[in-house]
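Notes follow once the structure below has been shown.
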Amino acid sequence: MSDQKKSPPAAWLAVKPYLNGGLSGMGSTCIIQPIDMVKVRIQLGETGGPLAVGMKLAKTEGVGALYKGLSAGLLRQATYTTARLGLFNNISAFLVDYNKGKPTPLWQKAAAGLCAGGIGALVGTPADLTLIRMQADSMAPVAERRNYKGVGDAFVRIVKEDGVAGLFRGAVPTVVRAMALNMGMLASNDQAKEMLVDAGCTKGGTAATMGGAFIAGFFASACSLPFDFVKTRMQKMKPNADGTMPYKSALDCAAKTLAQEGPMKFYTGFPTYILRIGPHVVFTLMFVDLLPKLQKNVGL
């Protein structure tokens, strides 16, 4: 009887990067959701620092309000992060073969992050829109609140009121923001880990993995916040009294914001944003590194 270990099924190997990506994103979201809620509140006009906004929200609406939209957030990760991390893994594997085993140039890693982020964001736009709507609803005047019962109710009502196309409102800034974020996150993570290994860290070790993840968190935040700001404004806008929308497009939103409020408006809530994006990136990349090791232990 041969004691040679059996190789995992081909179907599992094909699905594994996508499954691990989605699970990693969902685990991170459960940890980061309260910070994300505070970030959205600040972007939508709430005054005060992140801690003050969070304490006020918990005091006035209950601790559960910090987790409003969690179901939509998990759905978003199950679609968006599953796609983007799975695609990036496959594109990276292709680039290794393309470069004949030589280190992948940074520009190719950036291109891989752009492609994976853009496609993943398009898949996840409906869930992202629902998340923003649910988080922003409690800030509206009582008479104007949509009072969604949950992510399913939000989906049904958005389709009923705005049509299927309504689920993709703000898709362009969502996709562009995701491309910027994933270019900063995935390319810098790979590059940083390579540099840390060259500096003496153990390949696949905790120092290289965590160091790369923290660096990735910073670059992901810096690259993506202006796009996130425009995306949030586009997704929460309501018709004016005359029936017209405040912004005609993402570019119109960016132009009006720049002209009326100045360039630094795009970095509103940056401390909260980096506190939210940074840990989310770190936890996601740590989970992405951990899950294959755990699966390997059970023969997967």
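Just so we're on the same page: first chain in the structure tokens is A, next is B, and so on; residues restart at 1 for each chain, and ligands are numbered from 1 in the order they show up.
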
Worksheet item: Near A:Gly22, counting only C-alpha atoms, which residues have an atom at most 9 Å away, once you skip same-chain residues fewer than 3 positions from it, shown as a PyMOL selection string?
Response: chain A and resi 17-19+25-27+77-86

Residue subset to file, keeping all heavy atoms, as a compact mmCIF listing (two decimals), in the first residue's frame:
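Dumped to again-v4.txt:
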```txt
# COMPACT_ATOMS: atom_id res chain seq x y z
N PRO A 17 -8.72 29.37 -4.24
CA PRO A 17 -8.36 30.79 -4.10
C PRO A 17 -9.57 31.70 -3.93
O PRO A 17 -9.52 32.68 -3.19
CB PRO A 17 -7.62 31.11 -5.41
CG PRO A 17 -7.22 29.80 -5.98
CD PRO A 17 -8.25 28.82 -5.53
N TYR A 18 -10.65 31.37 -4.61
CA TYR A 18 -11.87 32.18 -4.51
C TYR A 18 -12.54 31.99 -3.15
O TYR A 18 -12.95 32.97 -2.51
CB TYR A 18 -12.84 31.79 -5.64
CG TYR A 18 -12.30 32.12 -7.01
CD1 TYR A 18 -11.57 31.18 -7.73
CD2 TYR A 18 -12.53 33.37 -7.59
CE1 TYR A 18 -11.07 31.49 -8.99
CE2 TYR A 18 -12.03 33.68 -8.85
CZ TYR A 18 -11.30 32.73 -9.54
OH TYR A 18 -10.80 33.05 -10.78
N LEU A 19 -12.65 30.75 -2.71
CA LEU A 19 -13.26 30.47 -1.41
C LEU A 19 -12.47 31.11 -0.28
O LEU A 19 -13.04 31.76 0.61
CB LEU A 19 -13.35 28.96 -1.20
CG LEU A 19 -13.96 28.51 0.14
CD1 LEU A 19 -15.40 28.96 0.26
CD2 LEU A 19 -13.84 27.00 0.30
N GLY A 25 -12.26 37.88 3.54
CA GLY A 25 -12.94 39.17 3.55
C GLY A 25 -14.10 39.21 4.52
O GLY A 25 -14.31 40.21 5.22
N MET A 26 -14.86 38.12 4.60
CA MET A 26 -16.01 38.07 5.50
C MET A 26 -15.57 38.08 6.96
O MET A 26 -16.18 38.75 7.80
CB MET A 26 -16.85 36.83 5.20
CG MET A 26 -17.53 36.88 3.84
SD MET A 26 -18.33 35.33 3.37
CE MET A 26 -19.80 35.39 4.39
N GLY A 27 -14.49 37.35 7.27
CA GLY A 27 -13.98 37.36 8.63
C GLY A 27 -13.50 38.74 9.04
O GLY A 27 -13.77 39.20 10.16
N GLN A 77 -18.60 41.04 0.63
CA GLN A 77 -17.34 40.30 0.67
C GLN A 77 -17.46 38.96 -0.04
O GLN A 77 -16.52 38.50 -0.70
CB GLN A 77 -16.90 40.09 2.13
CG GLN A 77 -16.54 41.37 2.87
CD GLN A 77 -15.42 42.15 2.22
OE1 GLN A 77 -14.44 41.58 1.76
NE2 GLN A 77 -15.57 43.46 2.18
N ALA A 78 -18.63 38.32 0.10
CA ALA A 78 -18.84 37.03 -0.54
C ALA A 78 -18.82 37.13 -2.06
O ALA A 78 -18.55 36.15 -2.76
CB ALA A 78 -20.16 36.42 -0.08
N THR A 79 -19.11 38.33 -2.58
CA THR A 79 -19.08 38.54 -4.03
C THR A 79 -17.78 39.23 -4.44
O THR A 79 -16.97 38.68 -5.17
CB THR A 79 -20.30 39.37 -4.47
OG1 THR A 79 -20.40 40.56 -3.68
CG2 THR A 79 -21.58 38.58 -4.30
N TYR A 80 -17.59 40.44 -3.93
CA TYR A 80 -16.45 41.28 -4.32
C TYR A 80 -15.10 40.66 -3.97
O TYR A 80 -14.23 40.50 -4.84
CB TYR A 80 -16.62 42.64 -3.64
CG TYR A 80 -15.41 43.54 -3.64
CD1 TYR A 80 -14.76 43.89 -4.82
CD2 TYR A 80 -14.93 44.09 -2.44
CE1 TYR A 80 -13.66 44.74 -4.82
CE2 TYR A 80 -13.84 44.94 -2.42
CZ TYR A 80 -13.21 45.26 -3.61
OH TYR A 80 -12.12 46.09 -3.59
N THR A 81 -14.89 40.30 -2.71
CA THR A 81 -13.59 39.81 -2.30
C THR A 81 -13.33 38.40 -2.82
O THR A 81 -12.18 38.05 -3.14
CB THR A 81 -13.44 39.87 -0.77
OG1 THR A 81 -13.59 41.23 -0.35
CG2 THR A 81 -12.07 39.38 -0.32
N THR A 82 -14.37 37.60 -2.90
CA THR A 82 -14.21 36.28 -3.52
C THR A 82 -13.64 36.41 -4.92
O THR A 82 -12.69 35.72 -5.31
CB THR A 82 -15.56 35.54 -3.57
OG1 THR A 82 -16.00 35.28 -2.25
CG2 THR A 82 -15.44 34.22 -4.33
N ALA A 83 -14.22 37.34 -5.69
CA ALA A 83 -13.79 37.53 -7.07
C ALA A 83 -12.40 38.16 -7.17
O ALA A 83 -11.53 37.66 -7.88
CB ALA A 83 -14.81 38.39 -7.82
N ARG A 84 -12.17 39.24 -6.42
CA ARG A 84 -10.92 39.98 -6.60
C ARG A 84 -9.70 39.18 -6.14
O ARG A 84 -8.67 39.16 -6.84
CB ARG A 84 -10.96 41.33 -5.89
CG ARG A 84 -11.07 41.26 -4.37
CD ARG A 84 -10.93 42.63 -3.73
NE ARG A 84 -11.19 42.57 -2.30
CZ ARG A 84 -10.52 43.26 -1.39
NH1 ARG A 84 -9.52 44.03 -1.76
NH2 ARG A 84 -10.82 43.19 -0.13
N LEU A 85 -9.78 38.51 -4.99
CA LEU A 85 -8.63 37.77 -4.51
C LEU A 85 -8.42 36.48 -5.30
O LEU A 85 -7.28 36.07 -5.55
CB LEU A 85 -8.77 37.47 -3.02
CG LEU A 85 -8.73 38.69 -2.09
CD1 LEU A 85 -8.75 38.27 -0.63
CD2 LEU A 85 -7.50 39.55 -2.36
N GLY A 86 -9.52 35.86 -5.70
CA GLY A 86 -9.38 34.67 -6.54
C GLY A 86 -8.76 35.00 -7.89
O GLY A 86 -7.86 34.30 -8.36
```

Worksheet item: Do you know which residues are at most 10 Å from stretch 251-263 of chain A counting only C-alpha atoms, after dropping those on the same chain fewer than 6 positions away, and could you put them as number ranges by chain?
Response: A: 172-173, 226-227, 229-231, 233-234

For the residues in the current selection, export N, CA and C atoms as an mmCIF file, in the first residue's frame.
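Below is the file that was written, part_10.cif:
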```cif
data_model
loop_
_atom_site.group_PDB
_atom_site.id
_atom_site.type_symbol
_atom_site.label_atom_id
_atom_site.label_comp_id
_atom_site.auth_asym_id
_atom_site.auth_seq_id
_atom_site.Cartn_x
_atom_site.Cartn_y
_atom_site.Cartn_z
ATOM 1 N N VAL A 172 -19.569 53.008 -11.590
ATOM 2 C CA VAL A 172 -18.302 53.510 -12.134
ATOM 3 C C VAL A 172 -17.345 53.935 -11.023
ATOM 4 N N PRO A 173 -17.759 54.814 -10.084
ATOM 5 C CA PRO A 173 -16.823 55.153 -9.003
ATOM 6 C C PRO A 173 -16.484 53.959 -8.118
ATOM 7 N N PRO A 226 -10.169 59.095 -2.109
ATOM 8 C CA PRO A 226 -10.926 60.043 -2.944
ATOM 9 C C PRO A 226 -12.028 59.355 -3.754
ATOM 10 N N PHE A 227 -11.746 58.167 -4.261
ATOM 11 C CA PHE A 227 -12.744 57.432 -5.038
ATOM 12 C C PHE A 227 -13.865 56.922 -4.132
ATOM 13 N N PHE A 229 -14.915 58.399 -1.444
ATOM 14 C CA PHE A 229 -15.730 59.564 -1.096
ATOM 15 C C PHE A 229 -16.757 59.846 -2.186
ATOM 16 N N VAL A 230 -16.315 59.852 -3.435
ATOM 17 C CA VAL A 230 -17.220 60.098 -4.562
ATOM 18 C C VAL A 230 -18.258 58.982 -4.658
ATOM 19 N N LYS A 231 -17.814 57.740 -4.491
ATOM 20 C CA LYS A 231 -18.713 56.595 -4.544
ATOM 21 C C LYS A 231 -19.819 56.715 -3.495
ATOM 22 N N ARG A 233 -20.984 59.421 -2.000
ATOM 23 C CA ARG A 233 -21.911 60.501 -2.331
ATOM 24 C C ARG A 233 -22.871 60.097 -3.453
ATOM 25 N N MET A 234 -22.361 59.405 -4.441
ATOM 26 C CA MET A 234 -23.195 58.969 -5.552
ATOM 27 C C MET A 234 -24.259 57.980 -5.088
#
```

Which residues of stretch 198-240 of chain A come within 12 Å of stretch 269-284 of chain A, and for each one, what is the closest pair of atoms and their distance in Å to one decimal, counting only C-alpha atoms, sorted by chain and residue number, as a Markdown table?
```
| residue | atom | partner | partner_atom | distance |
| --- | --- | --- | --- | --- |
| A:Thr209 | CA | A:Val282 | CA | 9.1 |
| A:Met210 | CA | A:Val282 | CA | 7.1 |
| A:Gly211 | CA | A:Val282 | CA | 9.1 |
| A:Gly212 | CA | A:Val282 | CA | 8.5 |
| A:Ala213 | CA | A:Val282 | CA | 4.8 |
| A:Phe214 | CA | A:Val282 | CA | 5.8 |
| A:Ile215 | CA | A:Gly278 | CA | 8.7 |
| A:Ala216 | CA | A:Val281 | CA | 7.1 |
| A:Gly217 | CA | A:Gly278 | CA | 4.0 |
| A:Phe218 | CA | A:Gly278 | CA | 6.1 |
| A:Phe219 | CA | A:Gly278 | CA | 8.8 |
| A:Ala220 | CA | A:Ile277 | CA | 7.4 |
| A:Ser221 | CA | A:Ile274 | CA | 5.5 |
| A:Ala222 | CA | A:Ile274 | CA | 7.9 |
| A:Cys223 | CA | A:Ile274 | CA | 10.8 |
| A:Ser224 | CA | A:Ile277 | CA | 9.6 |
| A:Leu225 | CA | A:Phe270 | CA | 7.3 |
| A:Pro226 | CA | A:Phe270 | CA | 9.6 |
| A:Asp228 | CA | A:Tyr273 | CA | 9.5 |
| A:Phe229 | CA | A:Gly269 | CA | 9.2 |
```

Worksheet item: Near stretch 159-163 of chain A, counting only C-alpha atoms, which residues have an atom at most 12 Å away, once you skip same-chain residues fewer than 2 positions from it, shown as a PyMOL selection string?
Response: chain A and resi 126+129-130+146+152-157+165-169+238-239

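Atom CA of A:Leu291 to atom CA of A:Trp107 spans 27.6 Å [interatomic distance, one decimal].
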
Fill in: Top pick for closest residue to A:Val40, considering A:Leu196, A:Leu87, A:Ile132, A:Val96 and counting only C-alpha atoms
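Distance minimum relative to A:Val40 lands on A:Ile132.
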
Item to complete: Find the residue from A:Ala171, A:Phe94, A:Asn20, A:Pro103 that sits nearest to A:Lys293; use only C-alpha atoms when measuring.
Response: A:Asn20

Worksheet item: as an NGL selection string, which residues of stretch 182-223 of chain A does DSSP assign to alpha helix (DSSP H)?
Response: :A and (182 or 188-198 or 206-223)

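In this structure, atom CA of A:Met37 sits 11.0 Å away from atom CA of A:Gly64.
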
Fill in: d(atom CA of A:Ala250, atom CA of A:Gly170) in Å
7.3 Å

Item to complete: Would you kindly return, as a count of residues only, each protein, DNA or RNA residue with an atom no farther than 9 Å from any atom of A:Cys30, considering only C-alpha atoms and excluding same-chain residues fewer than 4 positions away?
Response: 7

Item to complete: Write out as a list in words each polymer residue whose atoms come within 6 Å of A:Gly113, counting only C-alpha atoms; drop sequence neighbours fewer than 2 positions from it.
Response: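 The filter keeps Ala110, Ala111, Cys115, Ala116, Gly117, Asn182, Met183 and Leu186 of chain A.
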